[in-house]
Each structure stands twice: as C-alpha cells, then as structure tokens.
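Text of entry36.txt (compact mmCIF, C-alpha atoms) as supplied:
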# COMPACT_ATOMS: atom_id res chain seq x y z
CA MET A 205 10.85 -19.97 6.62
CA GLU A 206 11.22 -17.97 3.42
CA LEU A 207 8.42 -15.63 2.42
CA TYR A 208 7.31 -15.01 -1.14
CA PRO A 209 5.27 -12.47 -3.07
CA LEU A 210 2.72 -13.48 -5.65
CA ILE A 211 1.38 -11.68 -8.70
CA ILE A 212 -2.27 -11.16 -9.59
CA GLY A 213 -2.39 -10.43 -13.32
CA THR A 214 -5.30 -12.40 -14.77
CA ASN A 215 -9.08 -12.27 -14.47
CA GLU A 216 -9.05 -15.73 -12.89
CA GLY A 217 -6.45 -14.61 -10.36
CA LEU A 218 -8.39 -11.45 -9.60
CA GLU A 219 -11.57 -13.43 -8.97
CA ALA A 220 -9.70 -15.72 -6.57
CA ALA A 221 -7.53 -12.99 -5.01
CA PHE A 222 -8.99 -13.40 -1.50
CA GLU A 223 -8.47 -17.16 -1.51
CA ILE A 224 -5.01 -16.86 -3.05
CA ALA A 225 -3.95 -14.29 -0.43
CA ARG A 226 -4.80 -16.75 2.34
CA CYS A 227 -3.61 -19.97 0.74
CA SER A 228 -0.22 -20.05 2.48
CA GLY A 229 1.51 -18.46 5.44
CA ARG A 230 4.61 -18.12 3.26
CA ILE A 231 3.12 -15.29 1.19
CA ASP A 232 4.16 -11.82 2.32
CA ALA A 233 2.88 -9.59 -0.49
CA MET A 234 0.55 -9.44 -3.47
CA PHE A 235 1.80 -7.70 -6.59
CA PHE A 236 -0.66 -6.23 -9.05
CA GLY A 237 0.32 -7.32 -12.57
CA GLY A 238 -1.26 -4.39 -14.35
CA VAL A 239 0.35 -4.91 -17.75
CA ASP A 240 -0.93 -8.48 -17.95
CA MET A 241 -4.31 -7.45 -16.54
CA ALA A 242 -4.72 -4.63 -19.07
CA ALA A 243 -3.89 -7.01 -21.92
CA GLU A 244 -6.37 -9.56 -20.63
CA LEU A 245 -9.09 -6.95 -20.20
CA ARG A 246 -8.27 -5.33 -23.57
CA CYS A 247 -8.05 -1.93 -21.89
CA LYS A 248 -5.40 0.74 -21.53
CA ASN A 249 -2.80 0.25 -18.82
CA THR A 250 -3.83 3.37 -16.89
CA PHE A 251 -4.70 4.02 -13.29
CA GLU A 252 -8.31 4.80 -14.14
CA SER A 253 -9.02 1.81 -16.37
CA LEU A 254 -7.57 -0.61 -13.80
CA ILE A 255 -9.06 0.94 -10.66
CA TYR A 256 -11.37 -2.01 -9.92
CA ALA A 257 -8.60 -4.58 -10.32
CA ARG A 258 -6.20 -2.52 -8.20
CA SER A 259 -8.84 -2.07 -5.52
CA ARG A 260 -9.56 -5.80 -5.40
CA VAL A 261 -5.86 -6.59 -4.96
CA VAL A 262 -5.62 -4.04 -2.15
CA HIS A 263 -8.73 -5.47 -0.45
CA ALA A 264 -7.52 -9.06 -0.71
CA SER A 265 -4.08 -8.09 0.57
CA ALA A 266 -5.51 -6.17 3.51
CA ALA A 267 -7.85 -9.01 4.38
CA ALA A 268 -4.88 -11.38 4.62
CA GLY A 269 -2.50 -8.91 6.28
CA LEU A 270 -0.21 -8.73 3.25
CA ASP A 271 1.54 -5.82 1.59
CA ALA A 272 0.08 -4.79 -1.79
CA ILE A 273 2.63 -3.73 -4.42
CA ASP A 274 1.51 -1.95 -7.59
CA VAL A 275 2.78 -2.57 -11.11
CA PRO A 276 5.93 -0.67 -12.10
CA PHE A 277 5.59 2.57 -14.05
CA LEU A 278 7.09 1.81 -17.45
CA ASP A 279 7.66 5.29 -18.89
CA LEU A 280 11.20 6.04 -17.74
CA ASP A 281 11.05 9.51 -19.32
CA ASP A 282 8.12 10.60 -17.11
CA PRO A 283 9.29 10.72 -13.48
CA ASP A 284 6.52 13.17 -12.56
CA GLY A 285 3.90 10.77 -13.96
CA MET A 286 5.42 7.93 -11.96
CA ARG A 287 5.33 9.96 -8.76
CA LYS A 288 1.69 10.98 -9.34
CA GLU A 289 0.66 7.38 -10.02
CA ALA A 290 2.60 6.20 -6.95
CA GLU A 291 0.74 8.75 -4.81
CA LYS A 292 -2.60 7.58 -6.23
CA VAL A 293 -1.91 3.92 -5.49
CA ARG A 294 -0.56 4.77 -2.03
CA ASP A 295 -3.80 6.62 -1.33
CA LEU A 296 -5.73 3.60 -2.62
CA GLY A 297 -3.96 1.37 -0.07
CA PHE A 298 -0.89 -0.01 -1.80
CA SER A 299 2.23 -0.44 0.36
CA GLY A 300 4.61 0.13 -2.52
CA LYS A 301 5.13 0.18 -6.25
CA GLY A 302 7.44 -1.94 -8.34
CA SER A 303 10.42 -0.38 -10.06
CA VAL A 304 12.00 -1.12 -13.44
CA HIS A 305 14.95 1.25 -13.13
CA PRO A 306 17.19 2.37 -10.24
CA ASN A 307 16.34 6.01 -11.02
CA GLN A 308 12.78 5.35 -9.80
CA ILE A 309 13.69 4.09 -6.34
CA ALA A 310 14.36 7.39 -4.54
CA ALA A 311 11.01 8.88 -5.58
CA LEU A 312 9.13 5.69 -4.68
CA ASN A 313 10.80 5.62 -1.27
CA GLU A 314 9.72 9.21 -0.70
CA VAL A 315 6.11 8.44 -1.64
CA PHE A 316 5.77 5.27 0.43
CA THR A 317 7.86 6.24 3.48
CA PRO A 318 6.00 8.04 6.28
CA SER A 319 7.18 11.59 6.92
CA ASP A 320 8.67 12.65 10.25
CA HIS A 321 5.37 14.42 10.98
CA GLN A 322 3.35 11.25 10.27
CA ILE A 323 5.66 9.19 12.46
CA SER A 324 5.53 11.58 15.42
CA ARG A 325 1.74 11.91 15.04
CA ALA A 326 1.35 8.13 15.00
CA ARG A 327 3.46 7.75 18.14
CA ARG A 328 1.49 10.51 19.86
CA ILE A 329 -1.86 8.91 18.99
CA ILE A 330 -0.70 5.49 20.21
CA ALA A 331 0.54 7.03 23.46
CA LYS A 332 -2.78 8.89 23.99
CA PHE A 333 -4.74 5.67 23.48
CA GLU A 334 -2.47 3.83 25.91
CA GLU A 335 -3.10 6.56 28.52
CA ALA A 336 -6.86 6.60 27.93
CA ASP A 337 -9.25 3.90 29.06
CA THR A 338 -11.78 4.54 26.32
CA GLY A 339 -12.07 3.57 22.68
CA LEU A 340 -11.55 7.13 21.49
CA VAL A 341 -9.43 10.19 22.19
CA VAL A 342 -9.40 13.81 21.08
CA ILE A 343 -6.15 15.03 19.56
CA ASP A 344 -5.77 18.53 18.15
CA GLY A 345 -9.54 18.96 18.38
CA LYS A 346 -10.24 15.84 16.29
CA LEU A 347 -12.04 12.76 17.52
CA ILE A 348 -9.94 9.69 16.82
CA GLU A 349 -11.42 6.25 17.34
CA LYS A 350 -9.64 2.99 18.02
CA PRO A 351 -9.69 1.67 14.42
CA VAL A 352 -7.23 4.46 13.52
CA LEU A 353 -4.66 2.66 15.69
CA ARG A 354 -4.07 -0.01 13.04
CA ASP A 355 -2.76 2.61 10.65
CA MET A 356 -0.74 4.29 13.39
CA PHE A 357 0.91 0.99 14.34
CA ARG A 358 1.69 0.40 10.65
CA VAL A 359 3.38 3.82 10.40
CA VAL A 360 5.44 3.13 13.54
CA GLU A 361 6.35 -0.34 12.27
CA ILE A 362 7.69 1.17 9.04
CA ALA A 363 9.59 3.81 11.05
CA ASP A 364 11.07 1.12 13.29
CA ARG A 365 12.23 -0.86 10.27
CA MET A 366 13.90 2.31 9.00
CA GLU A 367 15.31 2.94 12.50
CA VAL A 368 13.80 6.44 12.60
Can the structure from this file be put into structure tokens for me?
Amino acid sequence: MELYPLIIGTNEGLEAAFEIARCSGRIDAMFFGGVDMAAELRCKNTFESLIYARSRVVHASAAAGLDAIDVPFLDLDDPDGMRKEAEKVRDLGFSGKGSVHPNQIAALNEVFTPSDHQISRARRIIAKFEEADTGLVVIDGKLIEKPVLRDMFRVVEIADRMEV
C-alpha cells in the first residue's frame, strides 16, 4: 500500500484537520501550506502570524499518529533565518520542514535529526523503564514519567531508520 502526504492550506482544511488526518490509513504526513494559508488569512507569511494554524496542524497530526511537515522557507539568501524557523517549528512539534532548494537539505537534516546525545539518552531512558516495574524512574536526578517514553521511542525509531 502506498502512503501519501496531504496539505492543509485553507481555513476550511484547517477547521477539518482532525477529521482529514484520520480519513484514510494511506496518509502518512500532513504538510502545512503556510503560503496559501497566509494568503487566505490576509496576513504575513511569518512564524508568529501563523502560529495558531501551525499548532492546529501539529495537533491534528499527532492525534492521528502522522508526521507534520512545515512549509518551506522561501528566502534562499537567508540560511540562518531558515535554520531558526526550522528550530522553532521543530520545538512546536513538526517532524520536518519542506525544502525548495538542495542547499537547504543539510541544515534541515541537522535540525530534525536527533543528536548522538539525544539518541543515547533515549535508549538509556527506555532501558531504565524496562528494568523498573513502576510508571516512573529517576535519571540524572530528574523524575521521568512514562509519557516521556513516547518521545524516547520516536527518537530511537528515527535513529534506527538512520542506522545509528
């Protein structure tokens, strides 16, 4: 079975994002169509002005177990701006960011790929939970509860796909 992404770039699509995300098992990702959304909203195509729309796409994607991919950064002469925006959307919950030029790919991979430290930490937390018979563990003096495992499994899954 082939899997397909879909794009949310209209107000109507944004309103129905949760239903759209779950409408087919063949969908593997939701893209945020920020350029179209900004035009429809009559606002600037900036991170700040589209924060609600981005957040809704992330929430709908997460609810359906899909990757959320942000709109490409269109200013090819501003690689630092692209990296900063990629970091913001990563921190918001996006799994990746579209690219319009091959020169953007290396930086985007760096932003969205877990570091060696994150990967080893995730594996250590998973191992501690597997050893424990409780819903929480203490690692490096910090209390870590079971819900953190979802993120740790995601980090390890990405690492496994990269064969790290």
Between A:Leu254, A:Leu270, A:Met286, A:Ala311, which has the minimum distance to Arg358 in chain A (counting all atoms listed in the file)? A:Leu270
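The protein and nucleic acid residues lying at most 10 Å from Leu296 in chain A are Ile255, Arg258, Ser259, Val262, His263, Ala290, Glu291, Lys292, Val293 and Ser299 of chain A, with all atoms listed in the file considered and sequence neighbours fewer than 3 positions away removed.
Pairwise distance (CA of Ala243 in chain A, CA of Asn215 in chain A) equals 10.5 Å.
Put simply, CA of Arg246 in chain A is 20.6 Å away from CA of Glu289 in chain A.
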Find the spatial neighbours of Ile212 in chain A, counting all atoms listed in the file, within a cut-off of 10 Å - ignore same-chain residues fewer than 6 positions away - and output them as a compact mmCIF listing (two decimals) with C-alpha atoms, in the coordinates of the input.
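The new file part-v4.txt reads:
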# COMPACT_ATOMS: atom_id res chain seq x y z
CA LEU A 218 -8.39 -11.45 -9.60
CA GLU A 219 -11.57 -13.43 -8.97
CA ALA A 220 -9.70 -15.72 -6.57
CA ALA A 221 -7.53 -12.99 -5.01
CA ILE A 224 -5.01 -16.86 -3.05
CA ALA A 225 -3.95 -14.29 -0.43
CA MET A 234 0.55 -9.44 -3.47
CA PHE A 235 1.80 -7.70 -6.59
CA PHE A 236 -0.66 -6.23 -9.05
CA GLY A 237 0.32 -7.32 -12.57
CA GLY A 238 -1.26 -4.39 -14.35
CA ASP A 240 -0.93 -8.48 -17.95
CA MET A 241 -4.31 -7.45 -16.54
CA ALA A 257 -8.60 -4.58 -10.32
CA ARG A 258 -6.20 -2.52 -8.20
CA ARG A 260 -9.56 -5.80 -5.40
CA VAL A 261 -5.86 -6.59 -4.96
Nearest residue to Ala264 in chain A from the set A:Lys288, A:His321, A:Arg226, A:His305 (distances using only C-alpha atoms): A:Arg226
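Straight-line separation from CA of Lys248 in chain A to CA of Asp232 in chain A: 28.6 Å.
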Distance query Asp337 in chain A at most 12 Å, all atoms listed in the file, self and fewer than 5 positions along chain excluded, as a list of chain:residue names: A:Ala331, A:Lys332, A:Lys350
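Taking all atoms listed in the file into account, Val359 in chain A lies nearest to A:Ile330 out of the set A:Ala266, A:Ile231, A:Ala310, A:Ile330.
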Would you list the residues near (9.5, 8.4, 14.2) (no more than 6 Å away, in the coordinates of the file, using all atoms listed in the file) as a PDB file with C-alpha atoms, in the coordinates of the input?
ATOM      1  CA  ASP A 320       8.670  12.650  10.250  1.00  0.00           C
ATOM      2  CA  ILE A 323       5.660   9.190  12.460  1.00  0.00           C
ATOM      3  CA  SER A 324       5.530  11.580  15.420  1.00  0.00           C
ATOM      4  CA  ALA A 363       9.590   3.810  11.050  1.00  0.00           C
ATOM      5  CA  VAL A 368      13.800   6.440  12.600  1.00  0.00           C
TER       6      VAL A 368
END
Could you name the residues that touch Val304 in chain A at 9 Å or less, counting only C-alpha atoms, but leaving out those on the same chain fewer than 6 positions away, as an MDAnalysis selection string? chainID A and resid 276:278 280
Residues near Phe357 in chain A, anyone? I mean within 10 Å using all atoms listed in the file, not counting same-chain ones fewer than 2 positions away, as a PDB file with C-alpha atoms, keeping the file's coordinate frame.
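Everything below was put into part-v5.pdb:
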ATOM      1  CA  ILE A 323       5.660   9.190  12.460  1.00  0.00           C
ATOM      2  CA  ALA A 326       1.350   8.130  15.000  1.00  0.00           C
ATOM      3  CA  ARG A 327       3.460   7.750  18.140  1.00  0.00           C
ATOM      4  CA  ILE A 329      -1.860   8.910  18.990  1.00  0.00           C
ATOM      5  CA  ILE A 330      -0.700   5.490  20.210  1.00  0.00           C
ATOM      6  CA  VAL A 352      -7.230   4.460  13.520  1.00  0.00           C
ATOM      7  CA  LEU A 353      -4.660   2.660  15.690  1.00  0.00           C
ATOM      8  CA  ARG A 354      -4.070  -0.010  13.040  1.00  0.00           C
ATOM      9  CA  ASP A 355      -2.760   2.610  10.650  1.00  0.00           C
ATOM     10  CA  VAL A 359       3.380   3.820  10.400  1.00  0.00           C
ATOM     11  CA  VAL A 360       5.440   3.130  13.540  1.00  0.00           C
ATOM     12  CA  GLU A 361       6.350  -0.340  12.270  1.00  0.00           C
ATOM     13  CA  ILE A 362       7.690   1.170   9.040  1.00  0.00           C
ATOM     14  CA  ALA A 363       9.590   3.810  11.050  1.00  0.00           C
TER      15      ALA A 363
END
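With all atoms listed in the file as the atoms that count, the residue of A:Glu252, A:Glu206, A:Glu216, A:Glu314 with the shortest distance to Arg287 in chain A is A:Glu314.
Comparing A:Gln308, A:Asn313, A:Val341, A:Gly217 by their smallest distance to Glu244 in chain A, the closest is A:Gly217 (using all atoms listed in the file).
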Given the choices A:Phe222, A:Asp271, A:Cys247, A:Phe333, which gets closest to Leu347 in chain A if the distance is worked out from all atoms listed in the file? A:Phe333
